[in-house]
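Below: one structure, written as C-alpha coordinates.
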Amino acid sequence: MLVLSNSMNDTGLMEELENKLIHDFLAGNETAFNKLIDKYQQKIYWHARRMLNDHFDADDVTQEVILVIYKKLKTFDFRSSLYTWIYRITTTRSLNYIKKRKVREFFSLDDAPEKELKQNDDIVSNIDNKEKLNRLDKMLKKLPDKQREVFVLRNFEEFSYQEISEITGKSVGALKANYFHALKKVTELMKDDEQR
Amino acid sequence: MTNKDRIIKYLSDLMDENERKQFLNDLKRSDELKNDLDEIKNSISSLKIETENIVDTNYFSTVIPRAKSKMESRSKYTLVRQISYALSLAALFAVMFLIYQPGEKNQEYTFLSLSDFEDYIFEDTDSASIEYMLSYLGDDEFDAAQYGFSFANSESLMNEEIKENEIVDEIVPASLYTDGYTADYTDEDVNFIYENLIDKKIL
(Lines give C-alpha, C1' and ligand atoms only; values in the text may rest on other atoms or scores of the structure.)
Protein backbone atom coordinates (compact mmCIF):
# COMPACT_ATOMS: atom_id res chain seq x y z
CA MET A 1 0.00 0.00 0.00
CA LEU A 2 2.87 2.29 0.94
CA VAL A 3 4.64 1.43 -2.31
CA LEU A 4 1.49 2.14 -4.28
CA SER A 5 0.94 5.46 -2.58
CA ASN A 6 4.62 6.34 -3.10
CA SER A 7 4.41 5.45 -6.76
CA MET A 8 1.22 7.46 -7.04
CA ASN A 9 3.03 10.40 -5.48
CA ASP A 10 5.91 9.83 -7.90
CA THR A 11 3.54 9.82 -10.84
CA GLY A 12 1.86 12.97 -9.59
CA LEU A 13 5.22 14.62 -9.04
CA MET A 14 6.44 13.60 -12.47
CA GLU A 15 3.32 14.97 -14.11
CA GLU A 16 3.73 18.20 -12.18
CA LEU A 17 7.34 18.46 -13.34
CA GLU A 18 6.35 17.72 -16.92
CA ASN A 19 3.61 20.32 -16.83
CA LYS A 20 6.10 22.86 -15.51
CA LEU A 21 8.50 21.99 -18.35
CA ILE A 22 5.69 22.43 -20.88
CA HIS A 23 4.75 25.83 -19.44
CA ASP A 24 8.42 26.87 -19.39
CA PHE A 25 8.83 25.84 -23.02
CA LEU A 26 5.69 27.70 -24.04
CA ALA A 27 7.11 30.74 -22.28
CA GLY A 28 10.13 30.50 -24.57
CA ASN A 29 12.55 28.27 -22.66
CA GLU A 30 14.12 25.89 -25.21
CA THR A 31 16.03 23.97 -22.54
CA ALA A 32 12.71 22.85 -21.06
CA PHE A 33 11.80 21.35 -24.43
CA ASN A 34 15.13 19.52 -24.63
CA LYS A 35 14.53 18.06 -21.17
CA LEU A 36 11.09 16.80 -22.19
CA ILE A 37 12.45 15.22 -25.35
CA ASP A 38 15.40 13.71 -23.47
CA LYS A 39 12.88 11.88 -21.36
CA TYR A 40 10.77 10.57 -24.22
CA GLN A 41 13.04 10.19 -27.23
CA GLN A 42 14.01 6.57 -26.55
CA LYS A 43 10.37 5.58 -26.11
CA ILE A 44 9.48 7.39 -29.34
CA TYR A 45 12.31 5.72 -31.22
CA TRP A 46 11.53 2.20 -30.01
CA HIS A 47 7.83 2.51 -30.63
CA ALA A 48 8.52 3.78 -34.16
CA ARG A 49 11.13 1.06 -34.66
CA ARG A 50 8.69 -1.70 -33.73
CA MET A 51 6.02 -0.20 -35.94
CA LEU A 52 8.34 0.32 -38.92
CA ASN A 53 10.85 -2.50 -38.42
CA ASP A 54 13.71 -0.41 -39.68
CA HIS A 55 16.24 1.82 -37.92
CA PHE A 56 16.43 4.51 -40.60
CA ASP A 57 12.67 4.83 -40.95
CA ALA A 58 12.34 4.92 -37.16
CA ASP A 59 15.00 7.64 -37.04
CA ASP A 60 13.04 9.70 -39.59
CA VAL A 61 9.80 9.29 -37.65
CA THR A 62 11.49 10.10 -34.31
CA GLN A 63 12.71 13.42 -35.71
CA GLU A 64 9.32 14.07 -37.29
CA VAL A 65 7.58 13.42 -33.95
CA ILE A 66 9.96 15.81 -32.17
CA LEU A 67 9.10 18.50 -34.74
CA VAL A 68 5.37 17.87 -34.25
CA ILE A 69 5.74 18.08 -30.47
CA TYR A 70 7.69 21.32 -30.87
CA LYS A 71 5.00 22.86 -33.05
CA LYS A 72 1.90 21.42 -31.37
CA LEU A 73 2.78 21.46 -27.69
CA LYS A 74 0.87 24.73 -27.40
CA THR A 75 -2.31 22.77 -28.29
CA PHE A 76 -1.76 20.14 -25.55
CA ASP A 77 -4.78 20.50 -23.27
CA PHE A 78 -3.41 18.72 -20.14
CA ARG A 79 -6.52 16.50 -20.00
CA SER A 80 -4.70 13.39 -21.20
CA SER A 81 -1.19 12.54 -20.07
CA LEU A 82 1.73 13.79 -22.12
CA TYR A 83 2.87 10.17 -22.34
CA THR A 84 -0.34 9.10 -24.12
CA TRP A 85 -0.30 12.23 -26.27
CA ILE A 86 3.25 11.52 -27.49
CA TYR A 87 2.41 7.88 -28.21
CA ARG A 88 -0.62 9.02 -30.20
CA ILE A 89 1.59 11.27 -32.35
CA THR A 90 4.21 8.53 -32.78
CA THR A 91 1.61 5.92 -33.72
CA THR A 92 -0.10 8.20 -36.23
CA ARG A 93 3.20 9.29 -37.77
CA SER A 94 4.42 5.70 -38.00
CA LEU A 95 1.22 4.57 -39.72
CA ASN A 96 1.46 7.51 -42.14
CA TYR A 97 5.07 6.60 -42.81
CA ILE A 98 4.06 3.02 -43.57
CA LYS A 99 1.51 4.33 -46.10
CA LYS A 100 4.10 6.58 -47.75
CA ARG A 101 6.60 3.73 -47.80
CA LYS A 102 4.02 1.52 -49.50
CA VAL A 103 3.42 4.17 -52.18
CA ARG A 104 7.17 4.54 -52.72
CA GLU A 105 7.58 0.78 -52.93
CA PHE A 106 4.64 0.60 -55.35
CA PHE A 107 6.34 3.03 -57.70
CA SER A 108 9.71 1.35 -56.98
CA LEU A 109 11.21 4.57 -55.70
CA ASP A 110 12.68 2.95 -52.60
CA ASP A 111 16.39 2.41 -52.69
CA ALA A 112 16.35 -1.08 -51.22
CA PRO A 113 19.95 -2.18 -51.99
CA GLU A 114 21.36 0.95 -50.40
CA LYS A 115 19.22 0.31 -47.36
CA GLU A 116 20.54 -3.24 -47.07
CA LEU A 117 24.10 -1.90 -47.01
CA LYS A 118 23.24 0.64 -44.38
CA GLN A 119 21.87 -1.99 -42.01
CA ASN A 120 25.36 -2.20 -40.50
CA ASP A 121 24.93 1.33 -39.20
CA ASP A 122 22.15 0.21 -36.87
CA ILE A 123 22.39 1.62 -33.37
CA VAL A 124 22.26 -1.85 -31.85
CA SER A 125 25.86 -2.99 -31.70
CA ASN A 126 25.68 -6.30 -29.85
CA ILE A 127 25.38 -9.19 -32.35
CA ASP A 128 22.99 -11.28 -30.21
CA ASN A 129 20.67 -8.36 -29.67
CA LYS A 130 20.89 -7.45 -33.34
CA GLU A 131 19.86 -10.97 -34.35
CA LYS A 132 17.04 -10.94 -31.83
CA LEU A 133 15.88 -7.58 -33.12
CA ASN A 134 16.08 -8.70 -36.75
CA ARG A 135 13.99 -11.74 -35.89
CA LEU A 136 11.42 -9.51 -34.20
CA ASP A 137 11.45 -7.04 -37.11
CA LYS A 138 10.81 -9.84 -39.62
CA MET A 139 7.98 -11.23 -37.52
CA LEU A 140 6.26 -7.88 -36.93
CA LYS A 141 6.58 -7.06 -40.62
CA LYS A 142 4.28 -9.99 -41.37
CA LEU A 143 1.46 -8.56 -39.25
CA PRO A 144 -1.11 -6.24 -40.84
CA ASP A 145 -0.68 -2.63 -39.64
CA LYS A 146 -3.69 -2.62 -37.30
CA GLN A 147 -2.63 -5.86 -35.64
CA ARG A 148 0.97 -4.71 -35.34
CA GLU A 149 -0.16 -1.45 -33.75
CA VAL A 150 -2.12 -3.12 -30.95
CA PHE A 151 0.41 -5.93 -30.51
CA VAL A 152 3.30 -3.48 -30.06
CA LEU A 153 1.41 -1.15 -27.73
CA ARG A 154 0.05 -3.95 -25.54
CA ASN A 155 2.97 -6.32 -25.57
CA PHE A 156 6.00 -4.03 -25.55
CA GLU A 157 4.73 -0.75 -24.15
CA GLU A 158 2.38 -2.65 -21.81
CA PHE A 159 -0.55 -0.29 -22.27
CA SER A 160 -4.05 -1.35 -21.22
CA TYR A 161 -6.74 -1.66 -23.89
CA GLN A 162 -8.30 1.54 -22.52
CA GLU A 163 -5.03 3.44 -22.97
CA ILE A 164 -4.52 1.98 -26.45
CA SER A 165 -8.03 3.08 -27.30
CA GLU A 166 -7.13 6.65 -26.24
CA ILE A 167 -3.97 6.52 -28.34
CA THR A 168 -5.43 5.00 -31.50
CA GLY A 169 -9.03 6.20 -31.29
CA LYS A 170 -10.29 2.65 -31.85
CA SER A 171 -12.86 0.82 -29.74
CA VAL A 172 -11.68 -1.60 -27.05
CA GLY A 173 -13.64 -4.42 -28.73
CA ALA A 174 -11.90 -3.88 -32.07
CA LEU A 175 -8.53 -3.71 -30.33
CA LYS A 176 -9.15 -7.01 -28.53
CA ALA A 177 -10.11 -8.70 -31.79
CA ASN A 178 -7.01 -7.34 -33.52
CA TYR A 179 -4.80 -8.42 -30.62
CA PHE A 180 -6.30 -11.92 -30.77
CA HIS A 181 -5.42 -12.26 -34.47
CA ALA A 182 -1.97 -10.73 -33.94
CA LEU A 183 -1.18 -13.11 -31.08
CA LYS A 184 -2.37 -16.08 -33.08
CA LYS A 185 -0.22 -15.13 -36.05
CA VAL A 186 2.85 -14.39 -33.93
CA THR A 187 2.66 -17.76 -32.15
CA GLU A 188 2.36 -19.49 -35.53
CA LEU A 189 5.30 -17.54 -36.95
CA MET A 190 7.42 -18.33 -33.90
CA LYS A 191 6.61 -22.01 -34.22
CA ASP A 192 7.61 -21.95 -37.90
CA ASP A 193 10.79 -20.11 -36.98
CA GLU A 194 11.71 -22.72 -34.35
CA GLN A 195 11.09 -25.58 -36.78
CA ARG A 196 13.57 -24.16 -39.32
CA MET B 1 -11.77 -25.02 -29.87
CA THR B 2 -8.12 -26.05 -29.42
CA ASN B 3 -6.11 -25.30 -26.29
CA LYS B 4 -4.10 -22.76 -28.23
CA ASP B 5 -7.19 -20.86 -29.40
CA ARG B 6 -8.60 -20.81 -25.87
CA ILE B 7 -5.30 -19.54 -24.46
CA ILE B 8 -5.03 -16.78 -27.06
CA LYS B 9 -8.63 -15.81 -26.41
CA TYR B 10 -7.86 -15.69 -22.68
CA LEU B 11 -4.69 -13.62 -23.20
CA SER B 12 -6.57 -11.25 -25.50
CA ASP B 13 -9.19 -10.71 -22.79
CA LEU B 14 -11.95 -11.80 -25.16
CA MET B 15 -13.60 -14.33 -22.80
CA ASP B 16 -16.86 -13.54 -21.06
CA GLU B 17 -17.11 -14.09 -17.30
CA ASN B 18 -18.35 -17.72 -17.50
CA GLU B 19 -15.85 -18.71 -20.15
CA ARG B 20 -13.05 -17.17 -18.12
CA LYS B 21 -14.10 -19.03 -14.93
CA GLN B 22 -14.27 -22.28 -16.87
CA PHE B 23 -10.84 -21.65 -18.38
CA LEU B 24 -9.27 -20.94 -14.97
CA ASN B 25 -10.87 -24.10 -13.51
CA ASP B 26 -9.55 -26.17 -16.44
CA LEU B 27 -6.15 -24.62 -15.92
CA LYS B 28 -6.06 -25.93 -12.33
CA ARG B 29 -6.97 -29.42 -13.47
CA SER B 30 -5.07 -29.80 -16.72
CA ASP B 31 -1.28 -29.85 -16.78
CA GLU B 32 -1.36 -29.87 -20.56
CA LEU B 33 -3.32 -26.62 -20.69
CA LYS B 34 -1.02 -25.07 -18.09
CA ASN B 35 2.08 -26.10 -20.06
CA ASP B 36 0.62 -24.73 -23.27
CA LEU B 37 -0.19 -21.42 -21.55
CA ASP B 38 3.35 -21.16 -20.13
CA GLU B 39 4.83 -21.99 -23.52
CA ILE B 40 2.88 -19.24 -25.30
CA LYS B 41 3.60 -16.70 -22.55
CA ASN B 42 7.32 -17.53 -22.66
CA SER B 43 7.56 -17.32 -26.42
CA ILE B 44 5.87 -13.90 -26.40
CA SER B 45 8.16 -12.72 -23.58
CA SER B 46 11.20 -13.88 -25.53
CA LEU B 47 10.41 -11.21 -28.13
CA LYS B 48 10.93 -8.47 -25.59
CA ILE B 49 14.31 -6.81 -25.64
CA GLU B 50 15.68 -4.65 -22.88
CA THR B 51 15.98 -1.64 -25.14
CA GLU B 52 17.53 0.58 -22.48
CA ASN B 53 20.84 -1.26 -22.48
CA ILE B 54 21.36 -2.36 -26.03
CA VAL B 55 21.63 0.88 -27.95
CA ASP B 56 24.48 3.16 -28.79
CA THR B 57 23.77 6.05 -26.42
CA ASN B 58 25.61 8.51 -28.69
CA TYR B 59 22.79 8.12 -31.19
CA PHE B 60 20.22 9.68 -28.87
CA SER B 61 22.42 12.67 -28.13
CA THR B 62 22.22 13.56 -31.83
CA VAL B 63 18.45 13.29 -32.26
CA ILE B 64 17.41 16.73 -30.96
CA PRO B 65 20.10 18.72 -32.82
CA ARG B 66 19.26 16.87 -36.06
CA ALA B 67 15.53 17.44 -35.60
CA LYS B 68 16.11 21.15 -34.97
CA SER B 69 18.34 21.57 -38.01
CA LYS B 70 15.70 19.75 -40.06
CA MET B 71 13.11 22.20 -38.78
CA GLU B 72 15.28 25.20 -39.75
CA SER B 73 16.04 23.88 -43.23
CA ARG B 74 12.39 23.01 -43.70
CA SER B 75 11.21 26.52 -42.93
CA LYS B 76 13.74 27.89 -45.47
CA TYR B 77 12.66 25.25 -47.96
CA THR B 78 8.98 26.09 -47.45
CA LEU B 79 9.62 29.69 -48.54
CA VAL B 80 11.63 28.54 -51.57
CA ARG B 81 8.91 26.00 -52.39
CA GLN B 82 6.17 28.63 -52.15
CA ILE B 83 8.05 30.91 -54.53
CA SER B 84 8.79 28.00 -56.91
CA TYR B 85 5.14 26.97 -56.96
CA ALA B 86 4.07 30.52 -57.64
CA LEU B 87 6.57 30.89 -60.48
CA SER B 88 5.64 27.50 -61.97
CA LEU B 89 1.97 28.37 -61.76
CA ALA B 90 2.54 31.71 -63.44
CA ALA B 91 4.65 30.05 -66.16
CA LEU B 92 1.96 27.41 -66.71
CA PHE B 93 -0.74 30.05 -67.03
CA ALA B 94 1.45 32.00 -69.44
CA VAL B 95 2.03 28.95 -71.64
CA MET B 96 -1.67 28.08 -71.58
CA PHE B 97 -2.53 31.66 -72.52
CA LEU B 98 -0.09 31.62 -75.43
CA ILE B 99 -1.37 28.26 -76.70
CA TYR B 100 -5.10 28.90 -76.37
CA GLN B 101 -5.32 32.55 -77.40
CA PRO B 102 -8.88 33.26 -78.54
CA GLY B 103 -9.17 33.89 -82.29
CA GLU B 104 -5.84 32.28 -83.03
CA LYS B 105 -6.19 30.41 -86.32
CA ASN B 106 -2.64 29.45 -87.28
CA GLN B 107 -2.32 26.38 -85.16
CA GLU B 108 0.09 23.65 -86.05
CA TYR B 109 -0.99 20.10 -85.81
CA THR B 110 1.12 17.00 -85.52
CA PHE B 111 -0.19 14.19 -87.66
CA LEU B 112 0.11 10.69 -86.33
CA SER B 113 0.23 7.55 -88.39
CA LEU B 114 -2.40 4.92 -87.64
CA SER B 115 0.13 2.76 -85.80
CA ASP B 116 1.28 5.75 -83.68
CA PHE B 117 -2.35 6.48 -82.97
CA GLU B 118 -2.85 2.92 -81.80
CA ASP B 119 0.28 3.05 -79.66
CA TYR B 120 -0.52 6.33 -77.97
CA ILE B 121 -4.25 6.22 -77.61
CA PHE B 122 -5.29 2.62 -77.50
CA GLU B 123 -2.30 1.18 -75.74
CA ASP B 124 -4.33 -1.49 -73.94
CA THR B 125 -6.70 -2.33 -76.75
CA ASP B 126 -5.95 -5.05 -79.29
CA SER B 127 -5.39 -3.87 -82.87
CA ALA B 128 -8.32 -5.87 -84.34
CA SER B 129 -10.77 -4.01 -82.09
CA ILE B 130 -9.17 -0.68 -82.99
CA GLU B 131 -9.46 -1.31 -86.72
CA TYR B 132 -13.07 -2.40 -86.32
CA MET B 133 -13.78 0.65 -84.22
CA LEU B 134 -12.04 3.03 -86.62
CA SER B 135 -14.00 1.60 -89.55
CA TYR B 136 -17.13 2.85 -87.82
CA LEU B 137 -15.85 6.31 -86.93
CA GLY B 138 -18.22 8.90 -88.35
CA ASP B 139 -20.93 6.31 -88.85
CA ASP B 140 -24.22 7.12 -87.11
CA GLU B 141 -24.82 3.48 -86.38
CA PHE B 142 -21.60 3.16 -84.40
CA ASP B 143 -22.56 1.42 -81.19
CA ALA B 144 -20.50 3.30 -78.63
CA ALA B 145 -21.80 1.22 -75.74
CA GLN B 146 -20.20 -1.85 -77.28
CA TYR B 147 -16.81 -0.31 -76.54
CA GLY B 148 -17.68 0.82 -73.04
CA PHE B 149 -18.44 4.43 -74.06
CA SER B 150 -21.62 6.00 -72.87
CA PHE B 151 -23.13 9.45 -72.97
CA ALA B 152 -23.79 9.16 -69.26
CA ASN B 153 -20.05 8.70 -68.77
CA SER B 154 -19.18 11.62 -70.98
CA GLU B 155 -21.67 13.76 -69.08
CA SER B 156 -20.13 12.83 -65.76
CA LEU B 157 -16.67 13.54 -67.18
CA MET B 158 -17.88 16.92 -68.32
CA ASN B 159 -19.37 17.62 -64.88
CA GLU B 160 -16.08 16.67 -63.35
CA GLU B 161 -14.30 19.13 -65.59
CA ILE B 162 -16.78 21.86 -64.69
CA LYS B 163 -16.21 21.05 -61.03
CA GLU B 164 -12.45 21.26 -61.51
CA ASN B 165 -12.84 24.63 -63.20
CA GLU B 166 -14.95 25.81 -60.30
CA ILE B 167 -12.21 24.73 -57.92
CA VAL B 168 -9.66 26.68 -59.98
CA ASP B 169 -11.99 29.69 -59.90
CA GLU B 170 -12.07 29.44 -56.13
CA ILE B 171 -8.32 29.05 -55.90
CA VAL B 172 -7.44 31.90 -58.26
CA PRO B 173 -9.94 34.74 -57.78
CA ALA B 174 -11.21 36.65 -60.81
CA SER B 175 -9.35 39.79 -59.71
CA LEU B 176 -6.09 38.00 -60.48
CA TYR B 177 -7.13 37.18 -64.05
CA THR B 178 -6.87 40.84 -65.02
CA ASP B 179 -3.96 40.68 -67.44
CA GLY B 180 -4.64 37.10 -68.38
CA TYR B 181 -2.69 34.47 -66.52
CA THR B 182 0.55 36.38 -66.78
CA ALA B 183 -0.34 38.94 -64.12
CA ASP B 184 2.45 39.76 -61.68
CA TYR B 185 1.33 38.24 -58.46
CA THR B 186 2.24 39.87 -55.20
CA ASP B 187 3.47 37.81 -52.27
CA GLU B 188 -0.03 38.10 -50.80
CA ASP B 189 -1.61 36.70 -53.99
CA VAL B 190 0.87 33.86 -54.04
CA ASN B 191 0.16 33.05 -50.41
CA PHE B 192 -3.57 33.15 -51.08
CA ILE B 193 -3.27 30.69 -53.99
CA TYR B 194 -0.90 28.47 -52.07
CA GLU B 195 -3.16 28.28 -49.01
CA ASN B 196 -6.08 27.48 -51.30
CA LEU B 197 -4.16 24.69 -52.98
CA ILE B 198 -3.32 23.25 -49.57
CA ASP B 199 -6.94 23.58 -48.38
CA LYS B 200 -8.22 21.82 -51.48
CA LYS B 201 -5.60 19.13 -50.91
CA ILE B 202 -4.22 19.70 -54.39
CA LEU B 203 -0.70 20.15 -53.04
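Labeling convention for the C-alpha coordinates: chains A, B, ... as they appear, residues from 1 per chain, ligands from 1 in order of appearance.
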
Check your understanding: Got a sec to pull out which chain B residues are within 10 Å of chain A, counting only C-alpha atoms, and send them as JSON, numbers by chain?
Key -> {"B": [4, 5, 7, 8, 9, 10, 11, 12, 13, 14, 39, 40, 41, 43, 44, 45, 46, 47, 48, 49, 50, 51, 52, 53, 54, 55, 56, 57, 58, 59, 60, 61, 63, 64, 65, 66, 67, 68, 70, 71]}

Which polymer residues have any atom within 9 Å of an atom of A:Glu149, counting only C-alpha atoms, with same-chain residues fewer than 2 positions away left out, as a PDB file with N, CA and C atoms, in the first residue's frame?
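Heads up, here's the output in result_5.pdb:
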```
ATOM      1  N   ARG A  50       9.502  -0.471 -33.709  1.00  0.00           N
ATOM      2  CA  ARG A  50       8.688  -1.701 -33.728  1.00  0.00           C
ATOM      3  C   ARG A  50       7.551  -1.594 -34.734  1.00  0.00           C
ATOM      4  N   MET A  51       7.086  -0.377 -34.951  1.00  0.00           N
ATOM      5  CA  MET A  51       6.024  -0.197 -35.936  1.00  0.00           C
ATOM      6  C   MET A  51       6.574  -0.293 -37.355  1.00  0.00           C
ATOM      7  N   THR A  91       2.372   6.961 -33.019  1.00  0.00           N
ATOM      8  CA  THR A  91       1.611   5.915 -33.717  1.00  0.00           C
ATOM      9  C   THR A  91       1.076   6.444 -35.048  1.00  0.00           C
ATOM     10  N   LEU A  95       2.185   5.133 -38.763  1.00  0.00           N
ATOM     11  CA  LEU A  95       1.224   4.566 -39.723  1.00  0.00           C
ATOM     12  C   LEU A  95       1.250   5.355 -41.037  1.00  0.00           C
ATOM     13  N   PRO A 144      -0.462  -7.426 -40.259  1.00  0.00           N
ATOM     14  CA  PRO A 144      -1.111  -6.244 -40.842  1.00  0.00           C
ATOM     15  C   PRO A 144      -0.963  -5.048 -39.882  1.00  0.00           C
ATOM     16  N   ASP A 145      -0.976  -3.834 -40.449  1.00  0.00           N
ATOM     17  CA  ASP A 145      -0.685  -2.632 -39.642  1.00  0.00           C
ATOM     18  C   ASP A 145      -1.504  -2.526 -38.356  1.00  0.00           C
ATOM     19  N   LYS A 146      -2.821  -2.784 -38.472  1.00  0.00           N
ATOM     20  CA  LYS A 146      -3.695  -2.616 -37.296  1.00  0.00           C
ATOM     21  C   LYS A 146      -3.336  -3.608 -36.194  1.00  0.00           C
ATOM     22  N   GLN A 147      -3.004  -4.833 -36.626  1.00  0.00           N
ATOM     23  CA  GLN A 147      -2.635  -5.859 -35.642  1.00  0.00           C
ATOM     24  C   GLN A 147      -1.282  -5.527 -35.015  1.00  0.00           C
ATOM     25  N   PHE A 151      -0.517  -4.950 -31.076  1.00  0.00           N
ATOM     26  CA  PHE A 151       0.415  -5.932 -30.506  1.00  0.00           C
ATOM     27  C   PHE A 151       1.605  -5.219 -29.857  1.00  0.00           C
ATOM     28  N   VAL A 152       2.143  -4.231 -30.565  1.00  0.00           N
ATOM     29  CA  VAL A 152       3.304  -3.482 -30.056  1.00  0.00           C
ATOM     30  C   VAL A 152       2.917  -2.697 -28.804  1.00  0.00           C
ATOM     31  N   LEU A 153       1.799  -2.000 -28.865  1.00  0.00           N
ATOM     32  CA  LEU A 153       1.412  -1.155 -27.730  1.00  0.00           C
ATOM     33  C   LEU A 153       1.091  -1.982 -26.488  1.00  0.00           C
ATOM     34  N   ARG A 154       0.451  -3.143 -26.694  1.00  0.00           N
ATOM     35  CA  ARG A 154       0.052  -3.951 -25.537  1.00  0.00           C
ATOM     36  C   ARG A 154       1.211  -4.804 -25.026  1.00  0.00           C
ATOM     37  N   THR A 168      -5.118   5.287 -30.090  1.00  0.00           N
ATOM     38  CA  THR A 168      -5.429   4.999 -31.498  1.00  0.00           C
ATOM     39  C   THR A 168      -6.807   5.493 -31.936  1.00  0.00           C
ATOM     40  N   TYR A 179      -5.867  -7.826 -31.442  1.00  0.00           N
ATOM     41  CA  TYR A 179      -4.799  -8.420 -30.624  1.00  0.00           C
ATOM     42  C   TYR A 179      -4.875  -9.951 -30.699  1.00  0.00           C
TER      43      TYR A 179
END
```

**Study point:** Long-range neighbours of B:Lys34 as a ChimeraX atom specification, 12 Å cut-off, only C-alpha atoms, 3 positions minimum in chain
**Key:** /B:3-4,6-7,23-31,37-41

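Here atom CA of A:Tyr83 and atom CA of A:Ile164 stand 11.8 Å from one another.
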
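Excluding A:Tyr97 itself and any same-chain residue fewer than 4 positions from it, the protein and nucleic acid residues within 10 Å of it, counting only C-alpha atoms, are Ala48, Met51, Leu52, Asp57, Ala58, Asp60, Val61, Thr91, Thr92, Arg93, Arg101, Lys102 and Val103 of chain A.
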
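Between atom CA of A:Ile86 and atom CA of A:Lys39 the separation is 11.4 Å.
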
Exercise for review: Would you please work out which residue, of A:Leu189, A:Ile44, A:Glu30, A:Phe78, is nearest to A:Leu140 when using only C-alpha atoms?
Suggested key: A:Leu189

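The interatomic distance for the pair atom CA of B:Asp199 and atom CA of A:Thr84 works out to 29.0 Å.
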